[in-house]
$ cat coords-v1.tsv   # TSV, C-alpha atoms
chain	number	residue	atom	x	y	z
A	995	MET	CA	-13.38	-4.57	8.96
A	996	LYS	CA	-13.73	-0.80	8.77
A	997	PRO	CA	-10.53	1.25	8.54
A	998	ASP	CA	-9.47	2.52	11.94
A	999	LYS	CA	-9.27	6.31	12.19
A	1000	ALA	CA	-5.93	5.99	13.97
A	1001	ASP	CA	-4.63	3.90	11.04
A	1002	VAL	CA	-5.81	6.50	8.53
A	1003	PHE	CA	-4.04	9.23	10.48
A	1004	LEU	CA	-0.91	7.10	10.77
A	1005	VAL	CA	-0.77	6.55	7.00
A	1006	GLU	CA	-1.32	10.26	6.38
A	1007	GLU	CA	1.66	11.06	8.59
A	1008	ILE	CA	3.79	8.45	6.85
A	1009	VAL	CA	2.91	9.98	3.48
A	1010	LYS	CA	4.27	13.27	4.85
A	1011	GLY	CA	7.55	11.52	5.68
A	1012	ASN	CA	7.02	11.36	9.45
A	1013	GLU	CA	9.64	8.87	10.70
A	1014	ALA	CA	8.02	8.61	14.13
A	1015	ALA	CA	4.79	7.47	12.46
A	1016	TRP	CA	6.72	4.90	10.42
A	1017	ARG	CA	8.39	3.57	13.57
A	1018	GLN	CA	4.96	3.33	15.23
A	1019	LEU	CA	3.57	1.31	12.32
A	1020	ILE	CA	6.48	-1.11	12.53
A	1021	ASP	CA	6.07	-1.49	16.28
A	1022	ARG	CA	2.36	-2.19	15.92
A	1023	PHE	CA	2.42	-4.70	13.08
A	1024	SER	CA	5.81	-6.43	12.98
A	1025	GLY	CA	4.93	-8.99	15.65
A	1026	ARG	CA	1.74	-10.24	14.05
A	1027	LEU	CA	3.32	-10.24	10.57
A	1028	LEU	CA	6.28	-12.23	11.79
A	1029	ALA	CA	3.99	-14.69	13.58
A	1030	PHE	CA	2.08	-15.20	10.32
A	1031	ALA	CA	5.29	-15.80	8.35
A	1032	ARG	CA	6.80	-18.12	10.98
A	1033	ALA	CA	3.71	-20.33	10.82
A	1034	ARG	CA	4.38	-20.91	7.12
A	1035	ILE	CA	8.14	-21.01	6.74
A	1036	ALA	CA	10.70	-22.77	8.91
A	1037	SER	CA	13.57	-20.28	8.79
A	1038	LEU	CA	13.39	-17.34	11.19
A	1039	SER	CA	15.75	-15.31	9.01
A	1040	ASP	CA	13.59	-15.93	5.94
A	1041	ALA	CA	10.50	-14.91	7.89
A	1042	GLU	CA	12.18	-11.71	9.05
A	1043	ASP	CA	13.26	-10.97	5.46
A	1044	LEU	CA	9.65	-11.41	4.31
A	1045	VAL	CA	8.39	-8.98	6.93
A	1046	GLN	CA	11.07	-6.50	5.91
A	1047	GLU	CA	10.08	-6.84	2.26
A	1048	THR	CA	6.47	-6.33	3.28
A	1049	PHE	CA	7.26	-2.99	4.92
A	1050	VAL	CA	9.28	-1.89	1.88
A	1051	GLY	CA	6.49	-3.04	-0.44
A	1052	PHE	CA	4.00	-1.01	1.56
A	1053	LEU	CA	6.12	2.13	1.17
A	1054	GLN	CA	6.59	1.52	-2.55
A	1055	SER	CA	2.81	1.21	-3.08
A	1056	LEU	CA	1.92	3.99	-0.65
A	1057	GLY	CA	0.78	6.35	-3.40
A	1058	HIS	CA	-2.03	3.97	-4.32
A	1059	PHE	CA	-3.06	2.92	-0.80
A	1060	ASP	CA	-6.86	2.94	-0.42
A	1061	SER	CA	-7.72	4.44	2.97
A	1062	ASN	CA	-11.09	2.66	2.84
A	1063	ARG	CA	-9.28	-0.63	3.35
A	1064	SER	CA	-7.96	-1.99	6.60
A	1065	LEU	CA	-4.27	-1.19	7.02
A	1066	GLU	CA	-3.70	-4.53	8.72
A	1067	THR	CA	-5.40	-6.41	5.88
A	1068	TYR	CA	-3.29	-4.53	3.34
A	1069	LEU	CA	-0.03	-5.44	5.09
A	1070	PHE	CA	-1.00	-9.09	5.50
A	1071	THR	CA	-1.93	-9.32	1.82
A	1072	ILE	CA	1.45	-7.95	0.76
A	1073	LEU	CA	3.12	-10.48	3.07
A	1074	ARG	CA	1.12	-13.34	1.51
A	1075	TYR	CA	2.34	-12.43	-1.95
A	1076	LYS	CA	5.92	-12.10	-0.76
A	1077	LEU	CA	5.60	-15.56	0.78
A	1078	TYR	CA	4.18	-17.11	-2.40
A	1079	ASP	CA	6.94	-15.52	-4.47
A	1080	LEU	CA	9.59	-16.99	-2.16
A	1081	LEU	CA	8.07	-20.46	-2.31
A	1082	ARG	CA	7.81	-20.35	-6.08
A	1083	GLN	CA	11.42	-19.20	-6.44
A	1084	ARG	CA	12.53	-22.18	-4.36
A	1085	LYS	CA	10.17	-24.50	-6.23
A	1086	VAL	CA	8.36	-25.37	-3.04
A	1087	THR	CA	4.78	-26.56	-3.43
A	1088	VAL	CA	2.36	-23.82	-2.49
A	1089	LEU	CA	-0.44	-25.34	-0.41
A	1090	SER	CA	-2.95	-22.63	-1.31
A	1091	GLU	CA	-3.04	-19.85	-3.84
A	1092	PRO	CA	-3.96	-16.27	-2.94
A	1093	ALA	CA	-7.71	-15.82	-2.72
A	1094	ASP	CA	-9.35	-14.21	-5.72
A	1095	ASP	CA	-10.48	-11.30	-3.60
A	1096	GLU	CA	-6.88	-10.31	-3.01
A	1097	GLY	CA	-6.20	-9.61	-6.68
A	1098	TRP	CA	-6.47	-5.88	-5.98
A	1099	LEU	CA	-2.92	-6.00	-4.61
A	1100	GLU	CA	-1.55	-6.59	-8.10
A	1101	GLN	CA	-2.97	-3.21	-9.10
A	1102	VAL	CA	-1.04	-1.25	-6.51
A	1103	VAL	CA	2.35	-2.93	-6.30
A	1104	PRO	CA	5.25	-1.60	-8.40
A	1105	GLY	CA	5.32	-2.95	-11.92
A	1106	SER	CA	1.60	-2.76	-12.57
A	1107	THR	CA	0.77	-2.01	-16.21
A	1108	GLU	CA	-2.45	-0.25	-15.22
A	1109	THR	CA	-2.45	3.50	-14.76
A	1110	PRO	CA	-3.82	4.91	-11.50
A	1111	SER	CA	-6.71	6.56	-13.36
A	1112	ARG	CA	-7.81	3.32	-15.02
A	1113	ILE	CA	-7.54	1.49	-11.72
A	1114	ALA	CA	-9.68	4.11	-9.99
A	1115	VAL	CA	-12.41	4.00	-12.63
A	1116	ALA	CA	-12.52	0.21	-12.73
A	1117	ALA	CA	-12.49	-0.15	-8.96
A	1118	GLU	CA	-15.10	2.50	-8.15
A	1119	SER	CA	-18.18	0.50	-9.12
A	1120	GLU	CA	-16.85	-2.73	-7.62
A	1121	SER	CA	-15.91	-0.95	-4.42
A	1122	GLU	CA	-19.41	0.49	-4.05
A	1123	GLN	CA	-20.99	-2.94	-4.53
A	1124	GLU	CA	-18.62	-4.55	-2.06
A	1125	THR	CA	-19.28	-1.82	0.50
A	1126	LEU	CA	-23.02	-2.33	0.22
A	1127	LEU	CA	-22.73	-6.09	0.58
A	1128	ALA	CA	-20.33	-5.72	3.50
A	1129	GLN	CA	-22.83	-3.47	5.25
A	1130	ILE	CA	-25.72	-5.92	4.95
A	1131	LEU	CA	-23.49	-8.84	5.96
A	1132	ARG	CA	-22.32	-6.89	8.99
A	1133	ARG	CA	-25.95	-6.21	9.88
A	1134	LEU	CA	-26.71	-9.94	9.76
A	1135	ILE	CA	-23.66	-10.79	11.88
A	1136	HIS	CA	-24.48	-8.16	14.49
A	1137	GLU	CA	-28.06	-9.38	14.67
A	1138	LEU	CA	-26.92	-12.93	15.35
A	1139	ARG	CA	-24.42	-11.77	17.98
A	1140	ASP	CA	-26.97	-9.53	19.69
A	1141	ARG	CA	-29.31	-12.44	20.28
A	1142	ASP	CA	-26.47	-14.83	21.13
A	1143	ALA	CA	-27.22	-16.99	18.08
A	1144	PHE	CA	-23.58	-18.03	17.82
A	1145	SER	CA	-24.47	-21.51	16.58
A	1146	ASP	CA	-26.12	-19.94	13.52
A	1147	LEU	CA	-23.16	-17.60	13.07
A	1148	GLN	CA	-20.77	-20.55	13.12
A	1149	VAL	CA	-22.73	-22.23	10.35
A	1150	ILE	CA	-22.80	-19.25	7.99
A	1151	GLU	CA	-19.16	-18.40	8.77
A	1152	LEU	CA	-18.03	-21.87	7.78
A	1153	ILE	CA	-20.09	-21.66	4.58
A	1154	PHE	CA	-19.44	-18.07	3.51
A	1155	PHE	CA	-15.97	-17.52	4.97
A	1156	GLY	CA	-14.59	-21.06	5.07
A	1157	GLY	CA	-16.12	-22.25	1.80
A	1158	LYS	CA	-17.46	-25.43	3.41
A	1159	ARG	CA	-20.36	-27.42	2.03
A	1160	ASN	CA	-23.43	-28.25	4.09
A	1161	LEU	CA	-22.32	-31.80	4.85
A	1162	GLU	CA	-18.86	-30.65	5.96
A	1163	VAL	CA	-20.39	-28.04	8.25
A	1164	ALA	CA	-22.76	-30.60	9.74
A	1165	ASP	CA	-19.83	-32.92	10.49
A	1166	LEU	CA	-17.65	-30.16	11.96
A	1167	LEU	CA	-20.37	-28.82	14.25
A	1168	ASP	CA	-22.02	-32.19	14.91
A	1169	ILE	CA	-25.48	-31.04	13.83
A	1170	ASP	CA	-28.04	-32.28	11.32
A	1171	GLN	CA	-27.39	-31.41	7.68
A	1172	LYS	CA	-30.98	-30.24	7.27
A	1173	ALA	CA	-30.44	-27.78	10.13
A	1174	VAL	CA	-27.40	-26.41	8.32
A	1175	ALA	CA	-29.38	-25.99	5.11
A	1176	GLY	CA	-32.12	-24.19	6.99
A	1177	ILE	CA	-29.72	-21.75	8.65
A	1178	LYS	CA	-28.06	-21.05	5.32
A	1179	PHE	CA	-31.40	-20.51	3.57
A	1180	ARG	CA	-32.64	-18.10	6.25
A	1181	ALA	CA	-29.35	-16.16	6.12
A	1182	ILE	CA	-29.64	-15.72	2.35
A	1183	GLN	CA	-33.27	-14.65	2.70
A	1184	LYS	CA	-32.28	-12.00	5.22
A	1185	LEU	CA	-29.51	-10.75	2.97
A	1186	GLN	CA	-32.06	-10.44	0.17
A	1187	LYS	CA	-34.33	-8.46	2.46
A	1188	TYR	CA	-31.54	-6.15	3.67
A	1189	LEU	CA	-30.34	-5.62	0.11
A	1190	THR	CA	-33.75	-4.56	-1.21
A	1191	GLU	CA	-34.21	-2.26	1.80
A	1192	ARG	CA	-30.91	-0.53	1.15
A	1193	GLU	CA	-30.98	-0.62	-2.66
A	1194	PRO	CA	-34.51	-1.20	-4.06
A	1195	SER	CA	-33.19	-1.18	-7.64
A	1196	ALA	CA	-30.73	-3.98	-6.91
A	1197	VAL	CA	-31.33	-7.43	-8.29
A	1198	ALA	CA	-33.57	-9.10	-5.73
A	1199	CYS	CA	-32.59	-12.63	-6.61
A	1200	LEU	CA	-29.56	-13.54	-4.52
A	1201	ASP	CA	-29.39	-17.25	-5.21
A	1202	GLU	CA	-27.25	-19.67	-3.26
A	1203	ALA	CA	-24.47	-20.04	-5.81
A	1204	ARG	CA	-23.94	-16.31	-6.20
A	1205	ALA	CA	-24.18	-15.78	-2.45
A	1206	ASP	CA	-21.50	-18.41	-1.86
A	1207	ILE	CA	-19.08	-16.68	-4.24
A	1208	THR	CA	-19.73	-12.99	-3.66
A	1209	VAL	CA	-20.37	-13.14	0.06
A	1210	ALA	CA	-17.20	-15.17	0.61
A	1211	LYS	CA	-15.17	-12.57	-1.25
A	1212	VAL	CA	-16.50	-9.65	0.77
A	1213	TRP	CA	-16.44	-11.57	4.04
A	1214	ARG	CA	-12.75	-12.33	3.66
A	1215	GLU	CA	-11.74	-8.90	2.41
A	1216	HIS	CA	-13.63	-6.95	5.07
A	1217	ARG	CA	-12.76	-9.45	7.83
A	1218	LEU	CA	-16.32	-9.33	9.06
A	1219	THR	CA	-15.85	-11.74	11.96
A	1220	CYS	CA	-12.18	-11.13	12.75
A	1221	LEU	CA	-11.57	-10.59	16.45
A	1222	LYS	CA	-10.21	-7.45	18.05
A	1223	ARG	CA	-6.82	-7.76	19.73
A	1224	SER	CA	-8.48	-6.81	23.02
A	1225	THR	CA	-10.85	-9.77	22.59
A	1226	LEU	CA	-7.93	-12.10	21.83
A	1227	GLY	CA	-6.10	-10.75	24.88
A	1228	SER	CA	-9.09	-11.48	27.09
A	1229	TYR	CA	-9.33	-14.94	25.52
A	1230	LEU	CA	-5.72	-15.68	26.43
A	1231	LEU	CA	-6.42	-14.66	30.02
A	1232	GLY	CA	-9.62	-16.71	30.15
A	1233	LEU	CA	-11.70	-13.60	30.86
A	1234	LEU	CA	-14.28	-13.96	28.10
A	1235	ASP	CA	-17.75	-15.06	29.08
A	1236	ASP	CA	-19.60	-17.72	27.15
A	1237	PRO	CA	-20.65	-17.76	24.40
A	1238	TRP	CA	-17.80	-15.42	23.36
A	1239	GLN	CA	-15.13	-17.75	24.75
A	1240	GLY	CA	-16.51	-20.65	22.76
A	1241	TYR	CA	-16.98	-18.60	19.61
A	1242	THR	CA	-13.44	-17.22	19.80
A	1243	GLN	CA	-12.05	-20.72	20.10
A	1244	PHE	CA	-14.20	-21.79	17.14
A	1245	HIS	CA	-12.96	-18.87	14.99
A	1246	LEU	CA	-9.35	-19.70	15.80
A	1247	ASP	CA	-9.40	-23.51	15.81
A	1248	VAL	CA	-12.19	-24.51	13.43
A	1249	VAL	CA	-12.29	-21.62	10.95
A	1250	GLY	CA	-8.55	-21.17	11.36
A	1251	CYS	CA	-8.58	-17.47	10.49
A	1252	SER	CA	-4.92	-16.90	9.61
A	1253	MET	CA	-4.81	-13.24	10.64
A	1254	CYS	CA	-6.47	-13.82	14.00
A	1255	VAL	CA	-4.19	-16.79	14.66
A	1256	ALA	CA	-1.18	-14.58	13.86
A	1257	ASN	CA	-2.50	-11.87	16.17
A	1258	LEU	CA	-2.98	-14.42	18.94
A	1259	SER	CA	0.55	-15.75	18.48
A	1260	ASP	CA	1.93	-12.21	18.66
A	1261	LEU	CA	0.03	-11.54	21.88
A	1262	GLN	CA	1.34	-14.78	23.36
A	1263	SER	CA	4.88	-13.73	22.51
A	1264	GLU	CA	4.31	-10.35	24.15
A	1265	GLN	CA	3.02	-12.02	27.30
A	1266	GLU	CA	6.00	-14.35	27.43
A	1267	GLU	CA	8.40	-11.54	26.51
A	1268	GLU	CA	10.19	-13.86	24.13
A	1269	SER	CA	9.34	-12.34	20.79
A	1270	GLY	CA	12.89	-11.12	20.12
A	1271	ILE	CA	11.71	-8.95	17.25
A	1272	ASP	CA	14.25	-6.33	16.24
A	1273	ASN	CA	11.93	-3.49	15.27
A	1274	GLU	CA	14.87	-1.10	15.12
A	1275	GLN	CA	16.38	-3.26	12.38
A	1276	PHE	CA	13.12	-3.15	10.43
A	1277	PHE	CA	12.98	0.62	10.85
A	1278	GLN	CA	16.57	1.35	9.85
A	1279	SER	CA	16.46	-0.86	6.78
A	1280	SER	CA	13.19	0.58	5.48
A	1281	VAL	CA	13.24	4.26	6.48
A	1282	GLY	CA	15.26	5.11	3.37
A	1283	PHE	CA	12.28	4.06	1.23
A	1284	LEU	CA	10.07	6.38	3.27
A	1285	LYS	CA	12.24	9.34	2.30
A	1286	ARG	CA	11.93	8.43	-1.39
A	1287	THR	CA	8.12	8.64	-1.24
A	1288	VAL	CA	7.92	12.27	-0.13

$ encode --input "coords-v1.tsv" --output "structure tokens"
Amino acid sequence: MKPDKADVFLVEEIVKGNEAAWRQLIDRFSGRLLAFARARIASLSDAEDLVQETFVGFLQSLGHFDSNRSLETYLFTILRYKLYDLLRQRKVTVLSEPADDEGWLEQVVPGSTETPSRIAVAAESESEQETLLAQILRRLIHELRDRDAFSDLQVIELIFFGGKRNLEVADLLDIDQKAVAGIKFRAIQKLQKYLTEREPSAVACLDEARADITVAKVWREHRLTCLKRSTLGSYLLGLLDDPWQGYTQFHLDVVGCSMCVANLSDLQSEQEEESGIDNEQFFQSSVGFLKRTV
């Protein structure tokens, strides 16, 4: 997901110490962050504490924030690590570890042993490669959407984003395993083609194993098929036309995209006017950290 220009501007204003911008960020993201935390921890007070710590963590790492990344993704990643830390402290079994592609967070949170210059040098090449791969993946996804090939998109999303094997995908979508293999093969062939068109000097051989690993990493980090909040809002109201209605339900229920599910839950709370989120409390307890960053 490309960084929103409004998000970039908002972060720039926060860096300047603009309290109104900080309040706006809290108002925009607290609901979806709290919904994400509540789905994973029983205590409302613990969930609220995690969201608060997420906002403070964001301010503490603000100097190293990469404006090329999605602000929402950045905040959710911080929240995930806060959640894992809490569960480990309480010796609660963690059902899933942070994805490998989220390791970049460790480089920007306080306490990192890496210097900003070393981080920048090490990340530059990787970032360029990820950007290129994200661009060709996005091209493939848009092509499938444009010709309403949502059944093919569901297959490659389950494989590349969900990490499912061919047999699992066939069972989930109730289609033949050979059809799944064919869709996957054609997708990889197209990615090879797009890659050589964009970067002729790149390695042309994008075999299945490497595609599974690298594509999954970029797909998750760039949120290539995550749904806009306006799309989720239309889904809640039943206003989406097929095949978008069916695909949205698939992305939420079958893929189980945690960020989109959290966004949907937040929108449902807004519609019901029962969210009860005290954004003023979040603001007052974190604004002091904003002043320390400027």

$ atom_distance --input "coords-v1.tsv" --atom1 "atom CA of A:Leu1127" --atom2 "atom CA of A:Asp1142"
22.6 Å

$ closest_residue --input "coords-v1.tsv" --among "A:Asn1062, A:Asp1170, A:Ile1130, A:Thr1219" --to "A:Thr1190" --atoms "all atoms listed in the file"
A:Ile1130

$ closest_atom_pairs --input "coords-v1.tsv" --of "stretch 1226-1284 of chain A" --to "stretch 1016-1030 of chain A" --cutoff "10 Å" --atoms "only C-alpha atoms" --output "JSON lines"
{"residue": "A:Ser1252", "atom": "CA", "partner": "A:Phe1030", "partner_atom": "CA", "distance": 7.2}
{"residue": "A:Met1253", "atom": "CA", "partner": "A:Phe1030", "partner_atom": "CA", "distance": 7.2}
{"residue": "A:Cys1254", "atom": "CA", "partner": "A:Arg1026", "partner_atom": "CA", "distance": 9.0}
{"residue": "A:Val1255", "atom": "CA", "partner": "A:Phe1030", "partner_atom": "CA", "distance": 7.8}
{"residue": "A:Ala1256", "atom": "CA", "partner": "A:Phe1030", "partner_atom": "CA", "distance": 4.9}
{"residue": "A:Asn1257", "atom": "CA", "partner": "A:Arg1026", "partner_atom": "CA", "distance": 5.0}
{"residue": "A:Leu1258", "atom": "CA", "partner": "A:Arg1026", "partner_atom": "CA", "distance": 8.0}
{"residue": "A:Ser1259", "atom": "CA", "partner": "A:Ala1029", "partner_atom": "CA", "distance": 6.1}
{"residue": "A:Asp1260", "atom": "CA", "partner": "A:Arg1026", "partner_atom": "CA", "distance": 5.0}
{"residue": "A:Leu1261", "atom": "CA", "partner": "A:Arg1026", "partner_atom": "CA", "distance": 8.1}
{"residue": "A:Ser1263", "atom": "CA", "partner": "A:Gly1025", "partner_atom": "CA", "distance": 8.3}
{"residue": "A:Glu1264", "atom": "CA", "partner": "A:Gly1025", "partner_atom": "CA", "distance": 8.6}
{"residue": "A:Ser1269", "atom": "CA", "partner": "A:Gly1025", "partner_atom": "CA", "distance": 7.6}
{"residue": "A:Gly1270", "atom": "CA", "partner": "A:Gly1025", "partner_atom": "CA", "distance": 9.4}
{"residue": "A:Ile1271", "atom": "CA", "partner": "A:Gly1025", "partner_atom": "CA", "distance": 7.0}
{"residue": "A:Asp1272", "atom": "CA", "partner": "A:Ser1024", "partner_atom": "CA", "distance": 9.0}
{"residue": "A:Asn1273", "atom": "CA", "partner": "A:Asp1021", "partner_atom": "CA", "distance": 6.3}
{"residue": "A:Glu1274", "atom": "CA", "partner": "A:Arg1017", "partner_atom": "CA", "distance": 8.1}
{"residue": "A:Phe1276", "atom": "CA", "partner": "A:Ile1020", "partner_atom": "CA", "distance": 7.3}
{"residue": "A:Phe1277", "atom": "CA", "partner": "A:Arg1017", "partner_atom": "CA", "distance": 6.1}
{"residue": "A:Gln1278", "atom": "CA", "partner": "A:Arg1017", "partner_atom": "CA", "distance": 9.3}
{"residue": "A:Ser1280", "atom": "CA", "partner": "A:Trp1016", "partner_atom": "CA", "distance": 9.2}
{"residue": "A:Val1281", "atom": "CA", "partner": "A:Trp1016", "partner_atom": "CA", "distance": 7.6}
{"residue": "A:Leu1284", "atom": "CA", "partner": "A:Trp1016", "partner_atom": "CA", "distance": 8.0}

$ closest_residue --input "coords-v1.tsv" --among "A:Leu1230, A:Ala1128, A:Ala1033, A:Leu1077" --to "A:Val1045" --atoms "only C-alpha atoms"
A:Leu1077

$ atom_distance --input "coords-v1.tsv" --atom1 "atom CA of A:Gly1227" --atom2 "atom CA of A:Asp1040"
27.8 Å

$ closest_residue --input "coords-v1.tsv" --among "A:Glu1215, A:Glu1007, A:Ala1000, A:Ser1037" --to "A:Phe1070" --atoms "all atoms listed in the file"
A:Glu1215

$ atom_distance --input "coords-v1.tsv" --atom1 "atom CA of A:Ser1279" --atom2 "atom CA of A:Tyr1078"
22.3 Å

$ residues_around --input "coords-v1.tsv" --residues "A:Phe1244" --least-positions-apart "4" --cutoff "12 Å" --atoms "all atoms listed in the file" --output "list in words"
Phe1144, Ser1145, Leu1147, Gln1148, Val1149, Glu1151, Leu1152, Leu1166, Leu1167, Thr1219, Cys1220, Leu1221, Tyr1229, Pro1237, Trp1238, Gln1239, Gly1240, Val1248, Val1249, Gly1250, Cys1251, Cys1254 and Val1255 of chain A

$ residues_around --input "coords-v1.tsv" --residues "A:Val1174" --least-positions-apart "2" --cutoff "8 Å" --atoms "all atoms listed in the file" --output "list in words"
Val1149, Asn1160, Val1163, Ala1164, Ile1169, Asp1170, Gln1171, Lys1172, Gly1176, Ile1177 and Lys1178 of chain A

$ closest_residue --input "coords-v1.tsv" --among "A:Gly1156, A:Gly1051, A:Gly1282, A:Gly1232" --to "A:His1245" --atoms "all atoms listed in the file"
A:Gly1156
